[in-house]
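Peer 1: Structure: final19.txt, compact mmCIF, C-alpha atoms.
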```txt
# COMPACT_ATOMS: atom_id res chain seq x y z
CA MET A 1 -2.23 8.71 12.25
CA ILE A 2 -0.05 9.76 9.33
CA GLU A 3 0.27 13.50 8.77
CA ILE A 4 1.83 14.66 5.51
CA ARG A 5 2.84 18.30 5.75
CA ASN A 6 3.94 20.47 2.82
CA LEU A 7 5.97 17.76 1.07
CA THR A 8 7.99 18.72 -1.98
CA LYS A 9 10.06 16.30 -4.06
CA ARG A 10 12.46 16.82 -6.95
CA PHE A 11 14.78 14.50 -8.80
CA GLY A 12 17.52 16.85 -9.92
CA ASP A 13 15.82 19.76 -11.65
CA HIS A 14 12.63 17.78 -12.25
CA LEU A 15 9.81 18.72 -9.86
CA ILE A 16 7.60 15.71 -9.03
CA TRP A 17 5.09 17.57 -6.83
CA GLU A 18 5.17 20.33 -4.22
CA ASP A 19 3.41 21.39 -1.04
CA VAL A 20 1.45 18.14 -0.62
CA SER A 21 -0.45 18.01 2.68
CA LEU A 22 -3.03 15.49 3.89
CA THR A 23 -3.89 13.38 6.93
CA ILE A 24 -4.55 9.64 7.00
CA ALA A 25 -6.52 8.68 10.10
CA ASP A 26 -5.89 5.45 11.99
CA GLY A 27 -7.89 2.62 10.44
CA GLU A 28 -8.72 4.64 7.33
CA SER A 29 -8.45 3.40 3.75
CA LEU A 30 -7.04 5.99 1.34
CA ALA A 31 -6.56 5.65 -2.42
CA ILE A 32 -3.98 7.77 -4.26
CA ILE A 33 -4.94 8.22 -7.90
CA GLY A 34 -3.48 10.07 -10.87
CA LYS A 35 -1.88 9.60 -14.25
CA SER A 36 1.22 7.49 -14.77
CA GLY A 37 4.25 9.58 -13.88
CA SER A 38 2.33 11.89 -11.55
CA GLY A 39 4.38 10.74 -8.55
CA LYS A 40 1.95 8.43 -6.75
CA SER A 41 4.57 5.76 -6.01
CA VAL A 42 7.06 8.46 -5.04
CA LEU A 43 4.58 9.76 -2.47
CA LEU A 44 3.99 6.25 -1.15
CA LYS A 45 7.73 5.77 -0.59
CA HIS A 46 7.83 8.89 1.60
CA LEU A 47 5.37 7.38 4.07
CA ASN A 48 7.99 4.95 5.41
CA ALA A 49 11.00 7.10 4.48
CA LEU A 50 12.25 5.00 1.59
CA LEU A 51 12.66 8.42 -0.03
CA ASN A 52 13.39 11.76 1.64
CA PRO A 53 11.63 14.96 0.57
CA ASP A 54 13.26 18.20 -0.48
CA ALA A 55 10.94 19.99 1.93
CA GLY A 56 8.16 19.12 4.34
CA SER A 57 7.58 16.31 6.80
CA VAL A 58 5.72 13.07 7.48
CA LEU A 59 4.56 12.67 11.07
CA ILE A 60 3.63 9.31 12.57
CA GLY A 61 2.32 9.56 16.09
CA GLY A 62 3.42 13.21 16.06
CA GLN A 63 7.05 12.34 15.24
CA ASN A 64 8.68 13.58 12.04
CA ILE A 65 10.13 10.34 10.63
CA PHE A 66 12.81 12.17 8.64
CA GLU A 67 14.38 13.32 11.91
CA LEU A 68 14.77 9.80 13.34
CA ASN A 69 18.09 8.03 13.76
CA TYR A 70 18.78 4.74 12.00
CA VAL A 71 17.63 2.49 14.85
CA ASP A 72 14.37 4.35 15.42
CA MET A 73 13.74 4.49 11.68
CA ARG A 74 13.97 0.69 11.45
CA LEU A 75 11.38 0.42 14.21
CA VAL A 76 9.04 2.78 12.34
CA ARG A 77 9.45 0.85 9.09
CA GLN A 78 8.45 -2.34 10.88
CA LYS A 79 5.05 -0.73 11.43
CA PHE A 80 4.55 -0.82 7.65
CA GLY A 81 3.62 -3.72 5.43
CA VAL A 82 4.00 -3.31 1.66
CA LEU A 83 2.36 -5.24 -1.16
CA PHE A 84 4.53 -4.49 -4.17
CA GLN A 85 3.07 -4.33 -7.67
CA GLY A 86 4.83 -7.49 -8.85
CA GLY A 87 4.64 -9.27 -5.51
CA ALA A 88 8.46 -9.09 -5.06
CA LEU A 89 8.64 -12.71 -3.93
CA PHE A 90 11.88 -14.66 -3.59
CA ASP A 91 11.73 -17.40 -6.23
CA SER A 92 14.56 -19.34 -4.61
CA ILE A 93 12.41 -20.25 -1.57
CA ASN A 94 8.89 -21.61 -1.26
CA THR A 95 5.70 -19.81 -0.29
CA TYR A 96 6.01 -20.60 3.42
CA GLU A 97 9.58 -19.29 3.61
CA ASN A 98 8.61 -16.11 1.73
CA VAL A 99 6.02 -15.30 4.37
CA ALA A 100 8.34 -16.35 7.20
CA PHE A 101 11.24 -14.20 5.94
CA PRO A 102 10.43 -10.99 7.90
CA LEU A 103 9.92 -12.97 11.10
CA ARG A 104 13.32 -14.64 10.74
CA TYR A 105 15.03 -11.35 9.92
CA PHE A 106 13.37 -8.97 12.40
CA THR A 107 12.25 -11.11 15.35
CA ARG A 108 13.52 -13.75 17.76
CA MET A 109 10.46 -15.94 17.44
CA THR A 110 10.86 -19.69 17.81
CA GLU A 111 10.23 -22.00 14.86
CA GLN A 112 6.95 -23.04 16.44
CA GLU A 113 5.86 -19.41 16.80
CA ILE A 114 6.92 -18.65 13.23
CA GLU A 115 4.99 -21.64 11.90
CA HIS A 116 1.85 -20.60 13.76
CA ARG A 117 2.03 -17.01 12.48
CA VAL A 118 2.85 -17.96 8.87
CA LEU A 119 -0.01 -20.47 8.66
CA GLU A 120 -2.33 -17.94 10.25
CA CYS A 121 -1.45 -15.35 7.58
CA LEU A 122 -1.71 -17.84 4.72
CA GLU A 123 -5.17 -18.78 5.95
CA LEU A 124 -6.17 -15.11 6.05
CA VAL A 125 -5.40 -14.83 2.31
CA ASN A 126 -7.03 -18.20 1.51
CA LEU A 127 -3.77 -20.06 0.87
CA LYS A 128 -3.70 -22.25 3.96
CA ASP A 129 -2.39 -25.39 2.22
CA MET A 130 -0.03 -23.68 -0.24
CA GLY A 131 3.03 -23.15 1.95
CA HIS A 132 5.00 -25.93 0.26
CA LYS A 133 4.44 -24.52 -3.23
CA ALA A 134 7.33 -22.98 -5.17
CA THR A 135 6.52 -19.38 -6.04
CA SER A 136 7.15 -20.20 -9.71
CA GLU A 137 4.10 -22.48 -9.57
CA LEU A 138 1.77 -19.72 -8.43
CA SER A 139 -0.61 -17.73 -10.59
CA GLY A 140 -0.45 -13.93 -10.63
CA GLY A 141 -3.31 -13.66 -8.17
CA MET A 142 -1.78 -16.22 -5.84
CA ARG A 143 1.55 -14.39 -5.90
CA LYS A 144 -0.26 -11.21 -4.86
CA ARG A 145 -1.91 -13.08 -1.98
CA VAL A 146 1.42 -14.50 -0.83
CA GLY A 147 2.84 -10.99 -0.98
CA LEU A 148 -0.09 -9.81 1.12
CA ALA A 149 0.45 -12.59 3.68
CA ARG A 150 4.09 -11.51 3.97
CA ALA A 151 3.05 -7.86 4.27
CA ILE A 152 0.82 -8.57 7.29
CA VAL A 153 2.99 -11.19 9.02
CA MET A 154 4.65 -8.60 11.27
CA GLN A 155 1.24 -7.26 12.32
CA PRO A 156 1.78 -3.79 10.83
CA ALA A 157 -0.23 -0.72 11.71
CA TYR A 158 -0.05 0.53 8.11
CA LEU A 159 -0.39 -1.40 4.86
CA LEU A 160 0.75 0.10 1.55
CA TYR A 161 -0.49 -1.34 -1.75
CA ASP A 162 1.19 -0.46 -5.06
CA GLU A 163 -1.24 -1.24 -7.92
CA PRO A 164 -2.60 -4.38 -6.19
CA THR A 165 -4.90 -5.40 -9.09
CA SER A 166 -2.49 -4.58 -11.92
CA GLY A 167 -2.29 -7.36 -14.52
CA LEU A 168 -5.08 -9.42 -12.98
CA ASP A 169 -8.34 -10.55 -14.57
CA PRO A 170 -11.61 -9.05 -13.24
CA VAL A 171 -12.49 -12.05 -11.05
CA THR A 172 -9.04 -12.21 -9.45
CA SER A 173 -9.00 -8.42 -9.07
CA GLU A 174 -12.23 -8.64 -7.10
CA GLU A 175 -10.70 -11.31 -4.85
CA ILE A 176 -7.82 -8.94 -4.09
CA ASN A 177 -10.25 -6.09 -3.45
CA GLU A 178 -12.13 -8.24 -0.94
CA LEU A 179 -8.87 -9.09 0.82
CA ILE A 180 -7.88 -5.41 1.03
CA ILE A 181 -11.25 -4.61 2.63
CA ARG A 182 -10.92 -7.60 4.97
CA MET A 183 -7.42 -6.64 6.12
CA ASN A 184 -8.56 -3.08 6.79
CA ARG A 185 -11.67 -4.04 8.74
CA GLU A 186 -10.68 -7.21 10.58
CA LEU A 187 -7.11 -6.25 11.41
CA SER A 188 -7.75 -2.50 11.82
CA ILE A 189 -4.83 -1.73 9.51
CA THR A 190 -4.56 1.77 8.06
CA THR A 191 -4.58 1.26 4.29
CA VAL A 192 -3.02 3.31 1.49
CA VAL A 193 -3.64 2.08 -2.07
CA ILE A 194 -2.14 3.32 -5.33
CA SER A 195 -4.29 2.27 -8.26
CA HIS A 196 -5.39 3.14 -11.79
CA ASP A 197 -8.29 0.72 -11.33
CA MET A 198 -11.23 2.98 -10.45
CA HIS A 199 -13.48 0.00 -9.75
CA SER A 200 -10.96 -1.08 -7.12
CA VAL A 201 -10.64 2.47 -5.73
CA LEU A 202 -14.39 2.79 -5.29
CA ARG A 203 -14.58 -0.65 -3.64
CA VAL A 204 -11.74 -0.42 -1.14
CA ALA A 205 -11.25 3.24 -0.25
CA GLU A 206 -13.00 5.67 2.09
CA ARG A 207 -11.05 8.68 0.80
CA ALA A 208 -9.13 9.51 -2.36
CA ALA A 209 -6.26 11.87 -3.16
CA PHE A 210 -5.79 12.96 -6.79
CA ILE A 211 -2.22 13.91 -7.76
CA ASP A 212 -2.18 16.14 -10.85
CA GLU A 213 -0.14 19.00 -12.29
CA LYS A 214 2.64 18.48 -9.74
CA LYS A 215 0.41 18.93 -6.69
CA LEU A 216 -2.34 17.39 -4.61
CA SER A 217 -5.15 18.53 -6.87
CA TRP A 218 -8.14 17.05 -5.01
CA TYR A 219 -8.72 15.25 -1.70
CA GLY A 220 -11.97 14.00 -0.22
CA THR A 221 -14.28 11.11 0.54
CA ILE A 222 -15.38 8.59 -2.06
CA GLU A 223 -18.91 10.00 -1.79
CA GLU A 224 -17.51 13.45 -2.59
CA LEU A 225 -15.48 12.01 -5.46
CA ARG A 226 -18.63 10.62 -7.09
CA VAL A 227 -20.10 14.12 -7.43
CA ALA A 228 -16.96 16.27 -7.58
CA ASP A 229 -16.90 18.99 -10.24
CA HIS A 230 -13.19 18.68 -10.99
CA PRO A 231 -12.64 18.60 -14.77
CA ARG A 232 -9.21 16.94 -14.83
CA MET A 233 -10.20 14.30 -12.29
CA ARG A 234 -13.44 13.60 -14.16
CA GLU A 235 -11.35 13.25 -17.33
CA PHE A 236 -9.04 10.80 -15.55
CA ILE A 237 -11.96 8.72 -14.27
CA LYS A 238 -13.63 8.71 -17.69
CA ALA A 239 -10.38 7.61 -19.35
CA SER A 240 -10.22 4.69 -16.94
CA GLU A 241 -13.37 3.36 -18.64
CA TYR A 242 -15.26 3.45 -15.38
CA VAL A 243 -18.46 5.49 -15.12
CA ILE A 244 -19.47 6.66 -11.66
```
Kindly return the structure encoded in the file as structure tokens.
Peer 2:
Amino acid sequence: MIEIRNLTKRFGDHLIWEDVSLTIADGESLAIIGKSGSGKSVLLKHLNALLNPDAGSVLIGGQNIFELNYVDMRLVRQKFGVLFQGGALFDSINTYENVAFPLRYFTRMTEQEIEHRVLECLELVNLKDMGHKATSELSGGMRKRVGLARAIVMQPAYLLYDEPTSGLDPVTSEEINELIIRMNRELSITTVVISHDMHSVLRVAERAAFIDEKKLSWYGTIEELRVADHPRMREFIKASEYVI
């Protein structure tokens, strides 16, 4: 379980948001929505302490991660997988080595064990025979899937997605949505998704958190979102060209 308690974040004199509190249950899929610049990605980076708050805490298993020492923090971060918006692949190495990279850096697995795990993850994202491919040869959707294979290779408890369908066509976006659902259900990974794509949000999430006017403006289930009488959130959804 991830417990976010009264988080406040500023950059200099600029307030991003304040007093944000919510709980993400184990195995849950949460979408964080809001306008560009509302601080969604900033909030995501607090979950694994890539950023520190000005006030408040994030508790994982009851432990405030901002109080951990360096060694314990590294162990907590290894519980997180991240699918970055652009994939963040290394173009100097092939697909297989991109997925293998965390295993080589963080574990003492043998080459045989690494090979088994990498091929297993590539198969999970439907890229079983693509390990030899240079990342420069991959389409946008394939790069996202390689990034997802790398994100799950360490068997994380939590998986963070930053705009996973951004820049993809509708068919490829739906493939990514299906993979997000599959990872959540089959691997029992707690999922947090940042997205402007309301079709994706409604497909992959069980709950949604709306960041607006420098605070957590609304939080509830997807069923509650469909009928919520929240003018600014309804305006945001309407502007996304998706009608609930």
Peer 1: With only C-alpha atoms counted, which protein, DNA or RNA residues have an atom no more than 10 Å from (-3.6, -18.5, 2.0) in the file frame? Please answer as a ChimeraX atom specification.
Peer 2: /A:95-96,118-131,142,145-146,148-149
Peer 1: From the options A:Ser139, A:Thr110, A:Asn177, A:Asn184, which residue's atoms come nearest to A:Ile152, counting all atoms listed in the file?
Peer 2: A:Asn184
Peer 1: If we count all atoms listed in the file, what is near stretch 90-93 of chain A at a cut-off of 9 Å, once residues fewer than 3 positions away on the same chain are taken out, given as JSON, numbers by chain?
Peer 2: {"A": [96, 97, 98, 134, 135, 136]}
Peer 1: Just checking: using all atoms listed in the file, which residue out of A:Asp13, A:Met154, A:Gly62, A:Ile2 ends up closest to A:Asn48?
Peer 2: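 Checking each of A:Asp13, A:Met154, A:Gly62, A:Ile2 against A:Asn48, counting all atoms listed in the file, the winner is A:Ile2.
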Peer 1: Could you check the closest approach to A:Ile222 for each of A:Asp72, A:Glu235, A:Glu115, A:Glu206 and tell me which residue wins, using all atoms listed in the file?
Peer 2: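 Smallest separation from A:Ile222 among the options: A:Glu206.
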Peer 1: Please report the interatomic distance between atom CA of A:Glu223 and atom CA of A:Pro164 in Å with one decimal.
Peer 2: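 Calculated distance between atom CA of A:Glu223 and atom CA of A:Pro164 is 22.2 Å.
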Peer 1: Stretch 193-201 of chain A: which residues within 8 Å, counting all atoms listed in the file, same-chain residues fewer than 3 positions away excluded, as an NGL selection string?
Peer 2: :A and (29-35 or 40-41 or 44 or 160-166 or 173-174 or 177 or 204-205 or 208 or 237 or 240 or 242)
Peer 1: Identify, on the basis of all atoms listed in the file, every residue whose closest approach to A:Asn6 does not exceed 10 Å; exclude the query and any residue fewer than 5 positions from it along the same chain; express the result as a count of residues only.
Peer 2: 10
Peer 1: I'd like to know which of A:Asp169, A:Asp212, A:Glu175, A:Glu28 is closest to A:Met233, using all atoms listed in the file.
Peer 2: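 Under the stated criterion, the closest residue is A:Asp212.
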Peer 1: Expressed in Å to a single decimal, how great is the separation between atom CA of A:Val227 and atom CA of A:Ile181?
Peer 2: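 According to the coordinates, atom CA of A:Val227 and atom CA of A:Ile181 are separated by 23.0 Å.
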Peer 1: Write out as an mmCIF file with C-alpha atoms, in the coordinates of the input the residues lying within 10 Å of A:Phe106, counting only C-alpha atoms and excluding same-chain residues fewer than 5 positions away.
Peer 2:
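For reference, selection26.cif as written:
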```cif
data_model
loop_
_atom_site.group_PDB
_atom_site.id
_atom_site.type_symbol
_atom_site.label_atom_id
_atom_site.label_comp_id
_atom_site.auth_asym_id
_atom_site.auth_seq_id
_atom_site.Cartn_x
_atom_site.Cartn_y
_atom_site.Cartn_z
ATOM 1 C CA ARG A 74 13.970 0.690 11.450
ATOM 2 C CA LEU A 75 11.380 0.420 14.210
ATOM 3 C CA GLN A 78 8.450 -2.340 10.880
ATOM 4 C CA PHE A 101 11.240 -14.200 5.940
ATOM 5 C CA MET A 154 4.650 -8.600 11.270
#
```
Peer 1: Considering all atoms listed in the file, can you say which of A:Ile180, A:Ala49, A:Ala151, A:Leu202 comes closest to A:Asn64?
Peer 2: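 Smallest distance to A:Asn64 is found for A:Ala49.
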Peer 1: Padding of 4 Å on every side, edges along x, y and z, all listed atoms of stretch 148-153 of chain A included: what centre and edge lengths in Å, to one decimal, does that box have, as lines of an AutoDock Vina configuration file?
Peer 2:
```
center_x = 2.0
center_y = -10.2
center_z = 5.1
size_x = 12.2
size_y = 12.7
size_z = 15.9
```
Peer 1: What is the distance, in Å and to one decimal place, between atom CA of A:Ile189 and atom CA of A:Ile16?
Peer 2: 28.3 Å
Peer 1: Find the residue from A:Gly61, A:Gly12, A:Pro231, A:Gly27 that sits nearest to A:Arg182; use only C-alpha atoms when measuring.
Peer 2: A:Gly27
Peer 1: For A:His14, work out the shell of residues within 12 Å, counting all atoms listed in the file and skipping chain neighbours fewer than 3 positions away, then give it as JSON, numbers by chain.
Peer 2: {"A": [8, 9, 10, 11, 17, 18, 37, 38, 39, 54, 214]}
